[in-house]
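Here is the structure we will look at.
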Amino acid sequence: MDLCSVKARCSVPKPCNHLADYKLKYGRTGYDSLRNNFVTGSNGNTIVCMPDKKILTCFFCNGYHERLYLCLICSSVSCLDHTLLHTQSDCGHDIAVDVKRSELYCGRCRDQVYDPDFDSAVISKYKKDLIVHRNAFESIGERSSKRRRLSSAIDLDLKKWKELSCMRDQRAKSCYPMGLRGLNNLGNTCFMNSVLQALLHAPPLRNYFLSDKHNRGACQKRSLDRSCLLCDIDIIFSAMFSGDRGPYSPAQFLCSWWQHSANLASYEQQDAHEFFISLLDGIHETENKLRDMNKGAGDCSCIAHRVFSGLLRSDVTCLTCGFTSTTYDPFMDISLHLDPSHCFSTETTNKGSKLNGSTSISTSTLVGCLDLFTKPEKLGSDQKLHCQNCQERQDSSKQLSIGRLPLALCLQVKRFEHSLVRKTSRKIDWHLQFPFSLDMSPYLSSSIIRKRLGNRILSFEGDECDISAEYEIFAVVTHSGMLESGHYVTYLRLRNQWYRCDDAWITEVDEATVRASQCYMIFYVQKMLYHKANDEIGCAPTSSRRDSLMSVVGCC
């Protein structure tokens with residue numbers, strides 16, 4: 001297959017059948033007619049406004065607090081529930097626009113859908129508004145200087161000066177850290193966008209790609225007209241750190257990942273953690289093939305393992321004679337059960353709700369989950385150890401500990417519970433308290449073994465001391481909604497400021513918002529690397545492009 005055909009197939013994912021039918025019948029007519037209704041808000045987001053309505057409400061229930069959608073066929077505005085009913089009752093009224101996010105939504109598929117033609121319509125209006133605002137800014141400045149030279153009796157246009165003040169505030173907000181850019185949802189790809197945002201801002205991984213350690217210009221697979229996952233990841237890093245603040249569409253990367261994970265190649269919602277593991281496996285396989293290596297995960301030097309790989313120690317002890325069998329296994333992340341023994345209830349008041357009173361929420365702690373992970377457990381009768389000392393199968397206990405910590409630590413919270421007996425699945429909605437600074441030294445093998453032996457050993461052989469046990473949080477992937485139909489959002493911590501990355505939209509948030517979120521994956525990095533990245537990465541204005549990229553190439 002030649003390179004052109006690969007790009008043609010991978011550049012943009014195919015739309016859903018309902019969007020394809022709409023495009024076949026109406027083309028870009030609906031998009032063009034809606035162009036004048038796109039308005040750039042004060043936070044830089046593009047929203048849909050109706051000139052005859054100051055406040056948009058649902059046509060059916062008159063509600064306005066929930067997300068609203070504008071039907072591209074009849075222009076009716078409705079909440080999500082009534083949008084779905086409208087799609088069922090009116091044939092062909094399948095495609096709508098999310099008025100708060102300016103994104104396409106399919107009522108039949110019940111998900112966001114992506115169309116580059118619609119994207120270009122939104123972006124062109126966004127650029128047009130930027131030009132208008134810049135001209136207004138310059139004209140206001142010219143008029144103000146002339147008025148200062150004229151009589152002071154002439155009153156200033158207070159309304160214009162208020163607009164100027166708002167524009168200055170907006171320009172200040174646009175000065176975000178490098179790499180902070182939204183990712184367009186290509187149709188049920190919030191799971192991918194959320195993990196990508198975390199990986200794009202993992203300091204060791206960011207340093208690798210921005211330092212051109214994978215040169216796609218000299219890539220062997222590219223020269224053979226074949227797709228390369230590492231090249232497509234490198235393209236995303238270049239685009240995200242180019243200085244452009246408009247949302248980026250990782251369509252080419254999506255198709256490249258599909259080729260490496262054919263079993264997950266669909267527009268259905270996937271699990272963010274499963275995508276994370278799949279992507280790291282893809283990086284591992286691709287890099288080792290390029291280097292013509294066939295190493296196992298334990299001694300692999302690919303960038304995925306250099307950043308995220310650690311070593312897990314498992315001690316199985318005979319309860320009769322005390323003989324211990326020890327094994328080591330590499331890990332890319334640690335999956336934690338919510339600890340019921342350290343769970344407590346908290347009361348939350350239902351403010352603004354028709355229901356008076358409070359709601360009880362079960363709360364666990366990350367420290368409690370880590371304690372549970374490294375706690376000794378007695379193995380069942382079907383898991384008896386063949387003791388080398390007793391020379392027979394004996395009852396035994398198992399204890400896990402960390403033999404070597406990674407540069408970047410990913411902790412996954414097991415929120416999805418599956419029952420083989422009842423053949424049911426459910427989501428665990430417990431709240432988890434997690435620290436921003438984490439000390440992993442109590443969970444190292446040396447600490448666990450000293451505690452087990454009553455601190456009788458003075459030294460411990462191992463390489464766990466090579467890496468610091470002090471970590472700082474830099475990303476949190478959250479999941480909201482039901483098990484079958486939820487939504488992933490990432491919170492990024494850059495220069496000690498938190499940002500909410502909800503697909504294409506980036507907003508500043510406070511620490512309380514992050515702590516109250518329903519975390520699913522928590523990303524930590526060594527404290528030294530976190531502070532070094534904060535010191536070296538800069539803040540660039542919206543207009544910066546290639547020069548801004550060059551200034552942060554050597555960071556972290």
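Starting from 1 in every chain, residues are counted up; chains themselves are A, B, ... following the order of the structure tokens, and ligands are numbered from 1 as listed.
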Please extract the residues of range 17-57 of chain A with a backbone DSSP assignment of alpha helix (DSSP H) and present them as a compact mmCIF listing (two decimals) with N, CA and C atoms, in the first residue's frame.
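selection_12.txt was written with the following content:
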# COMPACT_ATOMS: atom_id res chain seq x y z
N ASN A 17 -23.00 6.74 9.93
CA ASN A 17 -23.89 6.67 8.77
C ASN A 17 -24.90 7.82 8.75
N HIS A 18 -25.34 8.26 9.93
CA HIS A 18 -26.35 9.32 9.99
C HIS A 18 -25.77 10.66 9.56
N LEU A 19 -24.52 10.94 9.96
CA LEU A 19 -23.86 12.16 9.51
C LEU A 19 -23.57 12.08 8.01
N ALA A 20 -23.18 10.90 7.54
CA ALA A 20 -22.92 10.73 6.11
C ALA A 20 -24.19 10.98 5.29
N ASP A 21 -25.33 10.50 5.79
CA ASP A 21 -26.60 10.73 5.10
C ASP A 21 -26.95 12.21 5.07
N TYR A 22 -26.71 12.89 6.19
CA TYR A 22 -26.98 14.34 6.25
C TYR A 22 -26.11 15.09 5.26
N LYS A 23 -24.82 14.76 5.21
CA LYS A 23 -23.89 15.44 4.29
C LYS A 23 -24.27 15.17 2.84
N LEU A 24 -24.72 13.94 2.56
CA LEU A 24 -25.10 13.59 1.20
C LEU A 24 -26.32 14.38 0.73
N LYS A 25 -27.23 14.67 1.66
CA LYS A 25 -28.47 15.37 1.31
C LYS A 25 -28.32 16.88 1.34
N TYR A 26 -27.58 17.40 2.33
CA TYR A 26 -27.51 18.86 2.52
C TYR A 26 -26.12 19.45 2.26
N THR A 29 -24.50 23.12 3.51
CA THR A 29 -25.48 24.21 3.61
C THR A 29 -25.81 24.54 5.05
N GLY A 30 -26.06 23.49 5.85
CA GLY A 30 -26.39 23.72 7.25
C GLY A 30 -25.26 24.36 8.02
N TYR A 31 -24.03 23.96 7.73
CA TYR A 31 -22.86 24.52 8.40
C TYR A 31 -22.70 26.00 8.05
N ASP A 32 -22.82 26.31 6.77
CA ASP A 32 -22.63 27.70 6.32
C ASP A 32 -23.71 28.63 6.87
N SER A 33 -24.95 28.13 6.94
CA SER A 33 -26.03 28.96 7.48
C SER A 33 -25.87 29.21 8.97
N LEU A 34 -25.16 28.31 9.65
CA LEU A 34 -24.96 28.43 11.09
C LEU A 34 -23.72 29.26 11.42
| query | Which parts of range 362-456 of chain A does DSSP call strand (DSSP E) when run on the backbone here, written out as number ranges by chain? | reply | A: 362-365, 377-378, 385-387, 392-394, 396-404, 408-413, 416-419, 424-427, 431-433, 437-439
| task | For Phe191 in chain A, please output as an NGL selection string all residues within 8 Å (counting only C-alpha atoms; exclusion window: fewer than 2 positions along the same chain). | result | :A and (188-189 or 193-195 or 269-272 or 275 or 487-488)
Would you save the residues of that selection, restricted to N, CA, C and O atoms, as a PDB file, in the first residue's frame?
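File produced: part_15.pdb:
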ATOM      1  N   ASN A 188     -16.745   9.581  20.182  1.00  0.00           N
ATOM      2  CA  ASN A 188     -16.514   8.648  21.297  1.00  0.00           C
ATOM      3  C   ASN A 188     -15.032   8.450  21.603  1.00  0.00           C
ATOM      4  O   ASN A 188     -14.614   7.342  21.957  1.00  0.00           O
ATOM      5  N   THR A 189     -14.220   9.487  21.455  1.00  0.00           N
ATOM      6  CA  THR A 189     -12.772   9.352  21.691  1.00  0.00           C
ATOM      7  C   THR A 189     -12.308  10.140  22.904  1.00  0.00           C
ATOM      8  O   THR A 189     -11.126  10.469  23.006  1.00  0.00           O
ATOM      9  N   ASN A 193      -8.471  11.080  24.228  1.00  0.00           N
ATOM     10  CA  ASN A 193      -8.033  12.453  24.482  1.00  0.00           C
ATOM     11  C   ASN A 193      -7.553  12.644  25.915  1.00  0.00           C
ATOM     12  O   ASN A 193      -6.573  13.347  26.170  1.00  0.00           O
ATOM     13  N   SER A 194      -8.255  12.019  26.859  1.00  0.00           N
ATOM     14  CA  SER A 194      -7.901  12.196  28.272  1.00  0.00           C
ATOM     15  C   SER A 194      -6.519  11.614  28.571  1.00  0.00           C
ATOM     16  O   SER A 194      -5.720  12.240  29.272  1.00  0.00           O
ATOM     17  N   VAL A 195      -6.225  10.430  28.040  1.00  0.00           N
ATOM     18  CA  VAL A 195      -4.921   9.806  28.282  1.00  0.00           C
ATOM     19  C   VAL A 195      -3.827  10.548  27.527  1.00  0.00           C
ATOM     20  O   VAL A 195      -2.716  10.749  28.046  1.00  0.00           O
ATOM     21  N   GLN A 269     -17.172   3.572  22.736  1.00  0.00           N
ATOM     22  CA  GLN A 269     -16.399   4.090  23.867  1.00  0.00           C
ATOM     23  C   GLN A 269     -15.504   2.986  24.421  1.00  0.00           C
ATOM     24  O   GLN A 269     -15.950   1.860  24.631  1.00  0.00           O
ATOM     25  N   GLN A 270     -14.237   3.303  24.629  1.00  0.00           N
ATOM     26  CA  GLN A 270     -13.280   2.347  25.174  1.00  0.00           C
ATOM     27  C   GLN A 270     -12.879   2.772  26.580  1.00  0.00           C
ATOM     28  O   GLN A 270     -13.146   3.894  27.012  1.00  0.00           O
ATOM     29  N   ASP A 271     -12.207   1.869  27.268  1.00  0.00           N
ATOM     30  CA  ASP A 271     -11.730   2.163  28.613  1.00  0.00           C
ATOM     31  C   ASP A 271     -10.408   2.919  28.527  1.00  0.00           C
ATOM     32  O   ASP A 271      -9.493   2.521  27.793  1.00  0.00           O
ATOM     33  N   ALA A 272     -10.286   4.024  29.253  1.00  0.00           N
ATOM     34  CA  ALA A 272      -9.087   4.862  29.190  1.00  0.00           C
ATOM     35  C   ALA A 272      -7.848   4.098  29.650  1.00  0.00           C
ATOM     36  O   ALA A 272      -6.773   4.237  29.058  1.00  0.00           O
ATOM     37  N   PHE A 275      -6.738   1.722  26.963  1.00  0.00           N
ATOM     38  CA  PHE A 275      -6.058   2.463  25.898  1.00  0.00           C
ATOM     39  C   PHE A 275      -4.630   2.820  26.310  1.00  0.00           C
ATOM     40  O   PHE A 275      -3.698   2.727  25.502  1.00  0.00           O
ATOM     41  N   HIS A 487     -18.108   9.755  30.572  1.00  0.00           N
ATOM     42  CA  HIS A 487     -17.268  10.736  29.886  1.00  0.00           C
ATOM     43  C   HIS A 487     -15.970  10.907  30.662  1.00  0.00           C
ATOM     44  O   HIS A 487     -15.969  10.991  31.895  1.00  0.00           O
ATOM     45  N   TYR A 488     -14.853  10.953  29.916  1.00  0.00           N
ATOM     46  CA  TYR A 488     -13.533  11.119  30.519  1.00  0.00           C
ATOM     47  C   TYR A 488     -13.063  12.566  30.380  1.00  0.00           C
ATOM     48  O   TYR A 488     -13.230  13.188  29.323  1.00  0.00           O
TER      49      TYR A 488
END
Can you list, as a PDB file with all heavy atoms, in the first residue's frame, every protein, DNA or RNA residue that comes within 7 Å of range 55-60 of chain A when you count only C-alpha atoms, leaving out same-chain residues fewer than 2 positions away?
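For reference, selection11.pdb as written:
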ATOM      1  N   LYS A  53     -32.843  35.325  20.841  1.00  0.00           N
ATOM      2  CA  LYS A  53     -32.978  34.836  22.205  1.00  0.00           C
ATOM      3  C   LYS A  53     -31.736  35.181  23.002  1.00  0.00           C
ATOM      4  O   LYS A  53     -30.621  34.846  22.591  1.00  0.00           O
ATOM      5  CB  LYS A  53     -33.200  33.316  22.226  1.00  0.00           C
ATOM      6  CG  LYS A  53     -34.532  32.865  21.650  1.00  0.00           C
ATOM      7  CD  LYS A  53     -34.691  31.356  21.798  1.00  0.00           C
ATOM      8  CE  LYS A  53     -36.022  30.879  21.251  1.00  0.00           C
ATOM      9  NZ  LYS A  53     -36.168  29.414  21.395  1.00  0.00           N
ATOM     10  N   ASN A  62     -38.406  23.844  28.590  1.00  0.00           N
ATOM     11  CA  ASN A  62     -38.011  25.206  28.986  1.00  0.00           C
ATOM     12  C   ASN A  62     -36.818  25.222  29.939  1.00  0.00           C
ATOM     13  O   ASN A  62     -36.545  26.221  30.601  1.00  0.00           O
ATOM     14  CB  ASN A  62     -39.183  25.961  29.625  1.00  0.00           C
ATOM     15  CG  ASN A  62     -39.046  27.466  29.436  1.00  0.00           C
ATOM     16  OD1 ASN A  62     -38.529  27.903  28.414  1.00  0.00           O
ATOM     17  ND2 ASN A  62     -39.509  28.237  30.400  1.00  0.00           N
ATOM     18  N   GLY A  63     -36.088  24.125  30.035  1.00  0.00           N
ATOM     19  CA  GLY A  63     -34.913  24.078  30.903  1.00  0.00           C
ATOM     20  C   GLY A  63     -33.703  24.695  30.228  1.00  0.00           C
ATOM     21  O   GLY A  63     -33.590  24.717  28.998  1.00  0.00           O
ATOM     22  N   TYR A  64     -32.768  25.197  31.041  1.00  0.00           N
ATOM     23  CA  TYR A  64     -31.573  25.818  30.480  1.00  0.00           C
ATOM     24  C   TYR A  64     -30.315  25.482  31.273  1.00  0.00           C
ATOM     25  O   TYR A  64     -29.223  25.913  30.914  1.00  0.00           O
ATOM     26  CB  TYR A  64     -31.741  27.338  30.391  1.00  0.00           C
ATOM     27  CG  TYR A  64     -31.950  28.023  31.730  1.00  0.00           C
ATOM     28  CD1 TYR A  64     -30.874  28.505  32.469  1.00  0.00           C
ATOM     29  CD2 TYR A  64     -33.222  28.186  32.252  1.00  0.00           C
ATOM     30  CE1 TYR A  64     -31.054  29.128  33.686  1.00  0.00           C
ATOM     31  CE2 TYR A  64     -33.420  28.814  33.474  1.00  0.00           C
ATOM     32  CZ  TYR A  64     -32.334  29.287  34.185  1.00  0.00           C
ATOM     33  OH  TYR A  64     -32.522  29.901  35.400  1.00  0.00           O
ATOM     34  N   LEU A  68     -27.513  21.965  25.942  1.00  0.00           N
ATOM     35  CA  LEU A  68     -28.553  22.162  24.940  1.00  0.00           C
ATOM     36  C   LEU A  68     -27.996  21.870  23.557  1.00  0.00           C
ATOM     37  O   LEU A  68     -26.803  22.068  23.292  1.00  0.00           O
ATOM     38  CB  LEU A  68     -29.088  23.600  24.992  1.00  0.00           C
ATOM     39  CG  LEU A  68     -29.762  24.019  26.308  1.00  0.00           C
ATOM     40  CD1 LEU A  68     -30.124  25.500  26.275  1.00  0.00           C
ATOM     41  CD2 LEU A  68     -31.006  23.175  26.580  1.00  0.00           C
ATOM     42  N   SER A  76     -34.559  23.633  16.115  1.00  0.00           N
ATOM     43  CA  SER A  76     -35.128  23.588  17.457  1.00  0.00           C
ATOM     44  C   SER A  76     -34.020  23.331  18.470  1.00  0.00           C
ATOM     45  O   SER A  76     -33.075  22.589  18.202  1.00  0.00           O
ATOM     46  CB  SER A  76     -36.191  22.492  17.556  1.00  0.00           C
ATOM     47  OG  SER A  76     -35.620  21.215  17.353  1.00  0.00           O
ATOM     48  N   VAL A  77     -34.140  23.953  19.642  1.00  0.00           N
ATOM     49  CA  VAL A  77     -33.157  23.794  20.710  1.00  0.00           C
ATOM     50  C   VAL A  77     -33.772  22.941  21.807  1.00  0.00           C
ATOM     51  O   VAL A  77     -34.897  23.206  22.248  1.00  0.00           O
ATOM     52  CB  VAL A  77     -32.724  25.165  21.274  1.00  0.00           C
ATOM     53  CG1 VAL A  77     -31.735  24.981  22.427  1.00  0.00           C
ATOM     54  CG2 VAL A  77     -32.098  26.010  20.177  1.00  0.00           C
ATOM     55  N   SER A  78     -33.046  21.930  22.264  1.00  0.00           N
ATOM     56  CA  SER A  78     -33.590  21.040  23.285  1.00  0.00           C
ATOM     57  C   SER A  78     -32.480  20.477  24.148  1.00  0.00           C
ATOM     58  O   SER A  78     -31.303  20.472  23.758  1.00  0.00           O
ATOM     59  CB  SER A  78     -34.386  19.889  22.633  1.00  0.00           C
ATOM     60  OG  SER A  78     -33.604  19.228  21.666  1.00  0.00           O
ATOM     61  N   CYS A  79     -32.856  20.022  25.343  1.00  0.00           N
ATOM     62  CA  CYS A  79     -31.909  19.364  26.242  1.00  0.00           C
ATOM     63  C   CYS A  79     -31.594  17.979  25.690  1.00  0.00           C
ATOM     64  O   CYS A  79     -32.176  17.544  24.691  1.00  0.00           O
ATOM     65  CB  CYS A  79     -32.472  19.276  27.651  1.00  0.00           C
ATOM     66  SG  CYS A  79     -33.989  18.293  27.774  1.00  0.00           S
ATOM     67  N   HIS A  82     -34.646  15.463  25.464  1.00  0.00           N
ATOM     68  CA  HIS A  82     -35.599  15.805  24.408  1.00  0.00           C
ATOM     69  C   HIS A  82     -34.951  15.810  23.029  1.00  0.00           C
ATOM     70  O   HIS A  82     -35.644  15.669  22.012  1.00  0.00           O
ATOM     71  CB  HIS A  82     -36.257  17.156  24.706  1.00  0.00           C
ATOM     72  CG  HIS A  82     -37.238  17.101  25.834  1.00  0.00           C
ATOM     73  ND1 HIS A  82     -36.982  17.664  27.072  1.00  0.00           N
ATOM     74  CD2 HIS A  82     -38.455  16.510  25.932  1.00  0.00           C
ATOM     75  CE1 HIS A  82     -38.014  17.453  27.867  1.00  0.00           C
ATOM     76  NE2 HIS A  82     -38.916  16.750  27.206  1.00  0.00           N
TER      77      HIS A  82
END
| note | For Leu338 in chain A, the closest of A:Asp395, A:Glu377, A:Asp510, A:Asp429 counting only C-alpha atoms is A:Asp429
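Within 12 Å of Ser261 in chain A, once only C-alpha atoms are used and residues closer than 4 positions along the same chain are dropped, the contacting residues are A:Leu229, A:Leu254, A:Cys255, A:Ser256, A:Trp257, A:Ala265, A:Ser266, A:Gln270, A:Glu274, A:Phe275, A:Phe276, A:Ile277, A:Ser278, A:Leu279, A:Leu280, A:Asp281, A:Gly282, A:Ile283, A:Glu285.
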Same residues, N, CA and C atoms, saved as an mmCIF file, in the first residue's frame:
data_model
loop_
_atom_site.group_PDB
_atom_site.id
_atom_site.type_symbol
_atom_site.label_atom_id
_atom_site.label_comp_id
_atom_site.auth_asym_id
_atom_site.auth_seq_id
_atom_site.Cartn_x
_atom_site.Cartn_y
_atom_site.Cartn_z
ATOM 1 N N LEU A 229 3.674 4.417 14.404
ATOM 2 C CA LEU A 229 2.989 4.946 15.577
ATOM 3 C C LEU A 229 3.822 6.023 16.259
ATOM 4 N N LEU A 254 -5.159 8.312 15.574
ATOM 5 C CA LEU A 254 -6.212 7.349 15.896
ATOM 6 C C LEU A 254 -6.152 6.157 14.952
ATOM 7 N N CYS A 255 -6.025 6.438 13.661
ATOM 8 C CA CYS A 255 -5.958 5.341 12.684
ATOM 9 C C CYS A 255 -4.678 4.521 12.849
ATOM 10 N N SER A 256 -3.591 5.185 13.198
ATOM 11 C CA SER A 256 -2.335 4.469 13.427
ATOM 12 C C SER A 256 -2.449 3.555 14.635
ATOM 13 N N TRP A 257 -3.121 4.039 15.691
ATOM 14 C CA TRP A 257 -3.316 3.198 16.883
ATOM 15 C C TRP A 257 -4.230 2.027 16.561
ATOM 16 N N ALA A 265 -10.416 -1.247 17.402
ATOM 17 C CA ALA A 265 -10.645 -0.305 16.303
ATOM 18 C C ALA A 265 -12.131 -0.162 16.017
ATOM 19 N N SER A 266 -12.773 0.774 16.707
ATOM 20 C CA SER A 266 -14.192 1.066 16.490
ATOM 21 C C SER A 266 -14.497 2.420 17.095
ATOM 22 N N GLN A 270 -14.237 3.303 24.629
ATOM 23 C CA GLN A 270 -13.280 2.347 25.174
ATOM 24 C C GLN A 270 -12.879 2.772 26.580
ATOM 25 N N GLU A 274 -7.351 0.840 29.512
ATOM 26 C CA GLU A 274 -7.023 -0.150 28.484
ATOM 27 C C GLU A 274 -6.304 0.514 27.311
ATOM 28 N N PHE A 275 -6.738 1.722 26.963
ATOM 29 C CA PHE A 275 -6.058 2.463 25.898
ATOM 30 C C PHE A 275 -4.630 2.820 26.310
ATOM 31 N N PHE A 276 -4.446 3.224 27.559
ATOM 32 C CA PHE A 276 -3.124 3.582 28.072
ATOM 33 C C PHE A 276 -2.145 2.406 27.934
ATOM 34 N N ILE A 277 -2.566 1.226 28.380
ATOM 35 C CA ILE A 277 -1.716 0.043 28.296
ATOM 36 C C ILE A 277 -1.465 -0.338 26.841
ATOM 37 N N SER A 278 -2.509 -0.260 26.026
ATOM 38 C CA SER A 278 -2.374 -0.605 24.614
ATOM 39 C C SER A 278 -1.391 0.328 23.904
ATOM 40 N N LEU A 279 -1.453 1.619 24.227
ATOM 41 C CA LEU A 279 -0.569 2.589 23.585
ATOM 42 C C LEU A 279 0.890 2.364 23.991
ATOM 43 N N LEU A 280 1.124 2.109 25.273
ATOM 44 C CA LEU A 280 2.493 1.836 25.718
ATOM 45 C C LEU A 280 3.040 0.558 25.079
ATOM 46 N N ASP A 281 2.182 -0.452 24.920
ATOM 47 C CA ASP A 281 2.609 -1.673 24.225
ATOM 48 C C ASP A 281 2.968 -1.370 22.776
ATOM 49 N N GLY A 282 2.164 -0.493 22.143
ATOM 50 C CA GLY A 282 2.447 -0.126 20.764
ATOM 51 C C GLY A 282 3.768 0.611 20.622
ATOM 52 N N ILE A 283 4.052 1.515 21.557
ATOM 53 C CA ILE A 283 5.333 2.230 21.542
ATOM 54 C C ILE A 283 6.488 1.247 21.732
ATOM 55 N N GLU A 285 6.592 -2.033 21.071
ATOM 56 C CA GLU A 285 6.775 -2.901 19.900
ATOM 57 C C GLU A 285 7.384 -2.129 18.735
#
| task | Would you mind reading off the distance between CA of Arg404 in chain A and CA of Leu312 in chain A, one decimal, in Å? | result | 7.0 Å
Can you tell me, as a JSON list (two decimals) with N, CA, C and O atoms, in the first residue's frame, what residues are no more than 10 Å from Leu319 in chain A when counting only C-alpha atoms, ignoring any on the same chain fewer than 3 positions away?
[["chain", "number", "residue", "atom", "x", "y", "z"],
["A", 316, "VAL", "N", 5.90, -15.11, 48.53],
["A", 316, "VAL", "CA", 4.94, -16.13, 48.97],
["A", 316, "VAL", "C", 5.62, -16.94, 50.09],
["A", 316, "VAL", "O", 6.67, -17.58, 49.87],
["A", 322, "GLY", "N", 7.92, -21.10, 57.31],
["A", 322, "GLY", "CA", 8.39, -19.73, 57.10],
["A", 322, "GLY", "C", 9.24, -19.54, 55.87],
["A", 322, "GLY", "O", 9.76, -18.43, 55.63],
["A", 323, "PHE", "N", 9.42, -20.58, 55.04],
["A", 323, "PHE", "CA", 10.20, -20.44, 53.81],
["A", 323, "PHE", "C", 9.48, -19.47, 52.86],
["A", 323, "PHE", "O", 8.26, -19.52, 52.70],
["A", 324, "THR", "N", 10.27, -18.60, 52.21],
["A", 324, "THR", "CA", 9.70, -17.58, 51.32],
["A", 324, "THR", "C", 10.24, -17.75, 49.91],
["A", 324, "THR", "O", 11.44, -17.86, 49.69],
["A", 378, "LYS", "N", -3.76, -14.18, 52.92],
["A", 378, "LYS", "CA", -3.67, -15.65, 52.95],
["A", 378, "LYS", "C", -4.26, -16.20, 51.68],
["A", 378, "LYS", "O", -5.38, -15.86, 51.29],
["A", 385, "LEU", "N", 1.19, -23.31, 48.30],
["A", 385, "LEU", "CA", 2.56, -23.26, 47.82],
["A", 385, "LEU", "C", 3.24, -24.61, 47.99],
["A", 385, "LEU", "O", 3.11, -25.26, 49.03],
["A", 387, "CYS", "N", 6.18, -25.94, 49.02],
["A", 387, "CYS", "CA", 7.32, -25.44, 49.80],
["A", 387, "CYS", "C", 8.56, -26.28, 49.52],
["A", 387, "CYS", "O", 8.53, -27.53, 49.65],
["A", 394, "GLN", "N", 1.75, -26.50, 51.04],
["A", 394, "GLN", "CA", 1.39, -25.97, 52.36],
["A", 394, "GLN", "C", 0.56, -24.69, 52.19],
["A", 394, "GLN", "O", 0.59, -24.03, 51.14],
["A", 395, "ASP", "N", -0.18, -24.37, 53.25],
["A", 395, "ASP", "CA", -0.87, -23.08, 53.28],
["A", 395, "ASP", "C", 0.17, -21.97, 53.26],
["A", 395, "ASP", "O", 1.25, -22.10, 53.85],
["A", 396, "SER", "N", -0.16, -20.88, 52.59],
["A", 396, "SER", "CA", 0.83, -19.81, 52.43],
["A", 396, "SER", "C", 0.15, -18.45, 52.38],
["A", 396, "SER", "O", -1.07, -18.33, 52.23],
["A", 397, "SER", "N", 0.97, -17.42, 52.52],
["A", 397, "SER", "CA", 0.49, -16.04, 52.40],
["A", 397, "SER", "C", 1.32, -15.33, 51.34],
["A", 397, "SER", "O", 2.48, -15.70, 51.09]]
| Residue contacts of range 467-477 of chain A (8 Å, only C-alpha atoms) excluding same-chain residues fewer than 6 positions away, as an MDAnalysis selection string | chainID A and resid 194:195 198 201:202 404:407 435:441 488:494 519:527 530
